[in-house]
Every structure is written in structure tokens, then in C-alpha cells.
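> This is the structure I want to talk about, given as C-alpha cells.
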Amino acid sequence: HITIGQNVLSDVQTNIELHHTRGVTIVGNTMWQGYRANLVAEDCSQIVISSNVCERNPAYGSAVEAKNGVILRRCNDCTLQGLHLHRVVESEAALVLEDCSRLQVVACTVLDSDHVGMLLRNVTRSHIAHCLIRDDRDPLHPGSSLRVIGGHDNTFHQNVLVGDTNLQGPPKQ
């Protein structure tokens, strides 16, 4: 069991990287300048990611190449709550959830990011609720807020999605 909490993490390829782990709590961190990503979890279970900020500080213009996203691949039985993502660039999505099952994604905020705010690819038996996903950088052309590809038995409840949504297969409301 591991807890990663109350840190300021920056200036690396990936600020937090988990592979084949379980029983990890990541809480109360500020992450920025993750050149590949701020957080990557692969083949993990029983992970709680709560109340973290992944942010792009405009005072550091030299960090434009930092992508800053969050990626979960092949993870099961995890909770993301109160995750705050701002200005993720040059990534497939700010928050990528791929081949995951039994995720609880609640009260997350994804703002002003390139491409897609939240991408679910082949996610099953999961619940996404009370998230705010929007891109206000160009009011005439808001970005895509949510994209769902494949998967099944997912519920979406009271999310605020501004911009295009692309759902391949209807979400359960």
C-alpha cells in the first residue's frame, strides 16, 4: 500500500507512473510540466486519485511542450475524484481511460485542453458523474468534451459537457 500526497511534482517525462500496482492513494498533489504526462497508471487496481491539480502555469512559457495529461490503461476498480486538469496539449485527450473496468470518475474538471477533454476507449461497468468538461479558449469553436469508443454498461450522470461529444454506442443516463 502506497500513498503519494501533498507534493509539487514537475519537470520530468511523467510525474507519477504506476505499473502493475494496487492499493495506491494519490491525493492532494500539484503536478505540472509532465512532458509525456502528469500521471500514467497501467495494469493497476484499487487506485484512488483524489483532489489533485494537473495544471499549466502561464508564467512558464518554456514548458509549452509539456503535455500534462492523465492516462489510465487496463486499470480496474479505481476512483478518480476531484481531479482538476487544465490546458493539456498535444495529447489524444486530457484524460484517457482505456481498456478499464469498474471506474468511478466523479467531480472532475477538465478545462481548455486540446483535442478531447475525456476519452473512454473500451471502458466497461463504469460511472462518470458531476464532471465539468469544457474548452473556452475559442468560443466559436469549442473543443470536444467527451468521446466514448466501444465499451458497455457505463453510466453518465449530471455532467456539464460543453463542445462536441462523440459517443459510439449510447451512454446509459
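Residue numbering restarts at 1 for every chain of the C-alpha cells, chains are lettered A, B, ... in their displayed order, and ligands are numbered from 1 as they appear.
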Compile a residue-level contact table for segment 135-162 of chain A against segment 101-123 of chain A at a cut-off of 8 Å, reporting for every qualifying residue the shortest atom pair and its distance in Å to one decimal, with only C-alpha atoms counted, rows ordered by chain and ascending number, as a tab-separated table.


residue	atom	partner	partner_atom	distance
A:Asp135	CA	A:Asp112	CA	4.0
A:Asp136	CA	A:Asp112	CA	6.0
A:Arg137	CA	A:Asp112	CA	6.1
A:Gly143	CA	A:His115	CA	6.3
A:Ser144	CA	A:Val116	CA	4.8
A:Ser145	CA	A:Gly117	CA	4.6
A:Leu146	CA	A:Met118	CA	4.9
A:Arg147	CA	A:Leu119	CA	4.9
A:Val148	CA	A:Leu120	CA	4.7
A:Ile149	CA	A:Arg121	CA	4.7
A:Gly150	CA	A:Asn122	CA	4.7
A:Gly151	CA	A:Asn122	CA	4.0
A:His152	CA	A:Val123	CA	6.8
A:Asn154	CA	A:Val123	CA	7.6

> For Tyr35 of chain A, please output as a compact mmCIF listing (two decimals) with all heavy atoms, in the first residue's frame all residues within 8 Å (counting only C-alpha atoms; exclusion window: fewer than 5 positions along the same chain).


# COMPACT_ATOMS: atom_id res chain seq x y z
N ASP A 11 8.67 18.92 -14.06
CA ASP A 11 9.90 18.90 -14.83
C ASP A 11 10.46 17.51 -15.08
O ASP A 11 11.66 17.28 -14.96
CB ASP A 11 10.98 19.78 -14.15
CG ASP A 11 10.55 21.22 -14.05
OD1 ASP A 11 10.45 21.86 -15.11
OD2 ASP A 11 10.31 21.69 -12.93
N VAL A 12 9.60 16.56 -15.42
CA VAL A 12 10.02 15.21 -15.76
C VAL A 12 9.16 14.71 -16.93
O VAL A 12 8.18 15.33 -17.29
CB VAL A 12 9.90 14.24 -14.56
CG1 VAL A 12 10.86 14.61 -13.45
CG2 VAL A 12 8.48 14.20 -14.04
N GLN A 13 9.51 13.55 -17.49
CA GLN A 13 8.68 12.98 -18.55
C GLN A 13 7.29 12.63 -18.02
O GLN A 13 6.29 12.97 -18.63
CB GLN A 13 9.36 11.74 -19.15
CG GLN A 13 10.55 12.06 -20.01
CD GLN A 13 10.17 12.91 -21.21
OE1 GLN A 13 9.22 12.61 -21.93
NE2 GLN A 13 10.90 13.98 -21.43
N THR A 14 7.23 11.93 -16.88
CA THR A 14 5.95 11.57 -16.26
C THR A 14 6.09 11.79 -14.76
O THR A 14 6.97 11.23 -14.12
CB THR A 14 5.60 10.09 -16.54
OG1 THR A 14 5.60 9.89 -17.96
CG2 THR A 14 4.24 9.74 -15.98
N GLU A 65 5.88 22.51 -24.48
CA GLU A 65 5.90 21.14 -24.98
C GLU A 65 5.44 20.11 -23.96
O GLU A 65 5.26 18.94 -24.29
CB GLU A 65 7.30 20.77 -25.50
CG GLU A 65 8.37 20.73 -24.43
CD GLU A 65 8.98 22.09 -24.07
OE1 GLU A 65 8.50 23.13 -24.55
OE2 GLU A 65 9.92 22.10 -23.29
N ALA A 66 5.23 20.48 -22.72
CA ALA A 66 4.74 19.56 -21.69
C ALA A 66 3.27 19.24 -21.97
O ALA A 66 2.44 20.14 -22.06
CB ALA A 66 4.91 20.15 -20.31
N LYS A 67 2.95 17.95 -22.10
CA LYS A 67 1.58 17.54 -22.44
C LYS A 67 0.64 17.62 -21.24
O LYS A 67 -0.49 18.02 -21.36
CB LYS A 67 1.60 16.13 -23.03
CG LYS A 67 2.33 16.09 -24.36
CD LYS A 67 2.35 14.71 -24.94
CE LYS A 67 3.07 14.72 -26.27
NZ LYS A 67 3.15 13.39 -26.86
N ASN A 68 1.07 17.12 -20.08
CA ASN A 68 0.35 17.28 -18.81
C ASN A 68 -0.91 16.43 -18.63
O ASN A 68 -1.67 16.67 -17.71
CB ASN A 68 -0.02 18.75 -18.56
CG ASN A 68 1.18 19.58 -18.23
OD1 ASN A 68 2.17 19.09 -17.70
ND2 ASN A 68 1.12 20.87 -18.55

> Could you pull the residues within 9 Å of Leu72 of chain A, counting only C-alpha atoms, minus those fewer than 6 positions along the same chain, as a list in words?

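Final neighbour list, sorted by chain and number: Leu39, Val40, Ala41, Glu42, Asp43, Cys44, Leu95, Val96, Leu97, Glu98, Asp99 and Cys100 of chain A.
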
> Take the residues from that selection and write them out as a PDB file, in the first residue's frame, keeping all heavy atoms.


ATOM      1  N   LEU A  39       0.330  11.896 -15.091  1.00  0.00           N
ATOM      2  CA  LEU A  39       0.100  10.645 -14.379  1.00  0.00           C
ATOM      3  C   LEU A  39      -0.244   9.557 -15.380  1.00  0.00           C
ATOM      4  O   LEU A  39      -1.092   9.760 -16.243  1.00  0.00           O
ATOM      5  CB  LEU A  39      -1.053  10.827 -13.386  1.00  0.00           C
ATOM      6  CG  LEU A  39      -1.283   9.693 -12.397  1.00  0.00           C
ATOM      7  CD1 LEU A  39      -1.830  10.239 -11.095  1.00  0.00           C
ATOM      8  CD2 LEU A  39      -2.219   8.652 -12.948  1.00  0.00           C
ATOM      9  N   VAL A  40       0.442   8.417 -15.262  1.00  0.00           N
ATOM     10  CA  VAL A  40       0.149   7.247 -16.086  1.00  0.00           C
ATOM     11  C   VAL A  40       0.020   6.051 -15.149  1.00  0.00           C
ATOM     12  O   VAL A  40       0.919   5.791 -14.343  1.00  0.00           O
ATOM     13  CB  VAL A  40       1.258   6.975 -17.131  1.00  0.00           C
ATOM     14  CG1 VAL A  40       0.978   5.675 -17.878  1.00  0.00           C
ATOM     15  CG2 VAL A  40       1.397   8.137 -18.099  1.00  0.00           C
ATOM     16  N   ALA A  41      -1.099   5.341 -15.250  1.00  0.00           N
ATOM     17  CA  ALA A  41      -1.298   4.098 -14.497  1.00  0.00           C
ATOM     18  C   ALA A  41      -1.669   3.013 -15.501  1.00  0.00           C
ATOM     19  O   ALA A  41      -2.611   3.182 -16.277  1.00  0.00           O
ATOM     20  CB  ALA A  41      -2.397   4.264 -13.454  1.00  0.00           C
ATOM     21  N   GLU A  42      -0.913   1.917 -15.491  1.00  0.00           N
ATOM     22  CA  GLU A  42      -1.170   0.809 -16.399  1.00  0.00           C
ATOM     23  C   GLU A  42      -1.221  -0.502 -15.620  1.00  0.00           C
ATOM     24  O   GLU A  42      -0.364  -0.751 -14.766  1.00  0.00           O
ATOM     25  CB  GLU A  42      -0.079   0.732 -17.474  1.00  0.00           C
ATOM     26  CG  GLU A  42      -0.083   1.942 -18.395  1.00  0.00           C
ATOM     27  CD  GLU A  42       1.006   1.908 -19.445  1.00  0.00           C
ATOM     28  OE1 GLU A  42       2.089   1.332 -19.207  1.00  0.00           O
ATOM     29  OE2 GLU A  42       0.744   2.472 -20.533  1.00  0.00           O
ATOM     30  N   ASP A  43      -2.250  -1.297 -15.917  1.00  0.00           N
ATOM     31  CA  ASP A  43      -2.413  -2.613 -15.297  1.00  0.00           C
ATOM     32  C   ASP A  43      -2.472  -2.520 -13.776  1.00  0.00           C
ATOM     33  O   ASP A  43      -1.812  -3.282 -13.070  1.00  0.00           O
ATOM     34  CB  ASP A  43      -1.285  -3.559 -15.744  1.00  0.00           C
ATOM     35  CG  ASP A  43      -1.240  -3.702 -17.249  1.00  0.00           C
ATOM     36  OD1 ASP A  43      -2.248  -4.167 -17.816  1.00  0.00           O
ATOM     37  OD2 ASP A  43      -0.220  -3.332 -17.858  1.00  0.00           O
ATOM     38  N   CYS A  44      -3.269  -1.585 -13.276  1.00  0.00           N
ATOM     39  CA  CYS A  44      -3.378  -1.330 -11.834  1.00  0.00           C
ATOM     40  C   CYS A  44      -4.800  -1.590 -11.351  1.00  0.00           C
ATOM     41  O   CYS A  44      -5.741  -1.606 -12.141  1.00  0.00           O
ATOM     42  CB  CYS A  44      -2.998   0.120 -11.531  1.00  0.00           C
ATOM     43  SG  CYS A  44      -1.307   0.544 -11.962  1.00  0.00           S
ATOM     44  N   LEU A  95      -7.816  13.504 -20.355  1.00  0.00           N
ATOM     45  CA  LEU A  95      -7.969  12.322 -19.517  1.00  0.00           C
ATOM     46  C   LEU A  95      -8.304  11.146 -20.425  1.00  0.00           C
ATOM     47  O   LEU A  95      -9.359  11.126 -21.065  1.00  0.00           O
ATOM     48  CB  LEU A  95      -9.074  12.532 -18.483  1.00  0.00           C
ATOM     49  CG  LEU A  95      -9.417  11.350 -17.577  1.00  0.00           C
ATOM     50  CD1 LEU A  95      -8.199  10.870 -16.799  1.00  0.00           C
ATOM     51  CD2 LEU A  95     -10.551  11.724 -16.625  1.00  0.00           C
ATOM     52  N   VAL A  96      -7.396  10.173 -20.501  1.00  0.00           N
ATOM     53  CA  VAL A  96      -7.584   8.982 -21.324  1.00  0.00           C
ATOM     54  C   VAL A  96      -7.830   7.795 -20.402  1.00  0.00           C
ATOM     55  O   VAL A  96      -7.009   7.495 -19.528  1.00  0.00           O
ATOM     56  CB  VAL A  96      -6.342   8.698 -22.201  1.00  0.00           C
ATOM     57  CG1 VAL A  96      -6.525   7.396 -22.974  1.00  0.00           C
ATOM     58  CG2 VAL A  96      -6.068   9.853 -23.146  1.00  0.00           C
ATOM     59  N   LEU A  97      -8.963   7.141 -20.597  1.00  0.00           N
ATOM     60  CA  LEU A  97      -9.309   5.918 -19.875  1.00  0.00           C
ATOM     61  C   LEU A  97      -9.471   4.834 -20.925  1.00  0.00           C
ATOM     62  O   LEU A  97     -10.386   4.895 -21.748  1.00  0.00           O
ATOM     63  CB  LEU A  97     -10.599   6.120 -19.080  1.00  0.00           C
ATOM     64  CG  LEU A  97     -10.609   7.343 -18.151  1.00  0.00           C
ATOM     65  CD1 LEU A  97     -12.007   7.570 -17.582  1.00  0.00           C
ATOM     66  CD2 LEU A  97      -9.573   7.189 -17.061  1.00  0.00           C
ATOM     67  N   GLU A  98      -8.580   3.846 -20.912  1.00  0.00           N
ATOM     68  CA  GLU A  98      -8.540   2.873 -21.991  1.00  0.00           C
ATOM     69  C   GLU A  98      -8.497   1.444 -21.446  1.00  0.00           C
ATOM     70  O   GLU A  98      -7.663   1.128 -20.590  1.00  0.00           O
ATOM     71  CB  GLU A  98      -7.302   3.133 -22.855  1.00  0.00           C
ATOM     72  CG  GLU A  98      -7.190   2.244 -24.048  1.00  0.00           C
ATOM     73  CD  GLU A  98      -6.040   2.642 -24.965  1.00  0.00           C
ATOM     74  OE1 GLU A  98      -5.266   3.565 -24.641  1.00  0.00           O
ATOM     75  OE2 GLU A  98      -5.923   2.016 -26.014  1.00  0.00           O
ATOM     76  N   ASP A  99      -9.415   0.604 -21.945  1.00  0.00           N
ATOM     77  CA  ASP A  99      -9.487  -0.804 -21.557  1.00  0.00           C
ATOM     78  C   ASP A  99      -9.579  -0.969 -20.039  1.00  0.00           C
ATOM     79  O   ASP A  99      -8.939  -1.840 -19.458  1.00  0.00           O
ATOM     80  CB  ASP A  99      -8.288  -1.591 -22.113  1.00  0.00           C
ATOM     81  CG  ASP A  99      -8.242  -1.577 -23.626  1.00  0.00           C
ATOM     82  OD1 ASP A  99      -9.318  -1.687 -24.244  1.00  0.00           O
ATOM     83  OD2 ASP A  99      -7.142  -1.456 -24.189  1.00  0.00           O
ATOM     84  N   CYS A 100     -10.379  -0.128 -19.415  1.00  0.00           N
ATOM     85  CA  CYS A 100     -10.556  -0.130 -17.956  1.00  0.00           C
ATOM     86  C   CYS A 100     -11.942  -0.649 -17.598  1.00  0.00           C
ATOM     87  O   CYS A 100     -12.859  -0.635 -18.425  1.00  0.00           O
ATOM     88  CB  CYS A 100     -10.382   1.280 -17.391  1.00  0.00           C
ATOM     89  SG  CYS A 100      -8.732   1.975 -17.620  1.00  0.00           S
TER      90      CYS A 100
END

> Can you list every residue in chain A that DSSP puts in strand (DSSP E), as a PyMOL selection string?

chain A and resi 2-5+8-9+12-19+22-27+30-31+34-42+45-50+53-54+70-73+76-81+84-86+93-98+101-106+109-111+116-121+127-129+132-134+144-149+155-157+160-161+164-168

> Show which residues sit within 8 Å of His84 of chain A, as a PyMOL selection string. Count only C-alpha atoms, and ignore same-chain residues fewer than 2 positions away.

chain A and resi 51-55+82+86+108-110

> My list of candidates is A:Asp153, A:His19, A:Gln6, A:Arg73. Which is closest to Ser126 of chain A when distances are computed with only C-alpha atoms?

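Ranking A:Asp153, A:His19, A:Gln6, A:Arg73 by distance to Ser126 of chain A, first place goes to A:Asp153.
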
> Atom CA of Ser45 of chain A and atom CA of His127 of chain A, how far apart in Å?

16.0 Å
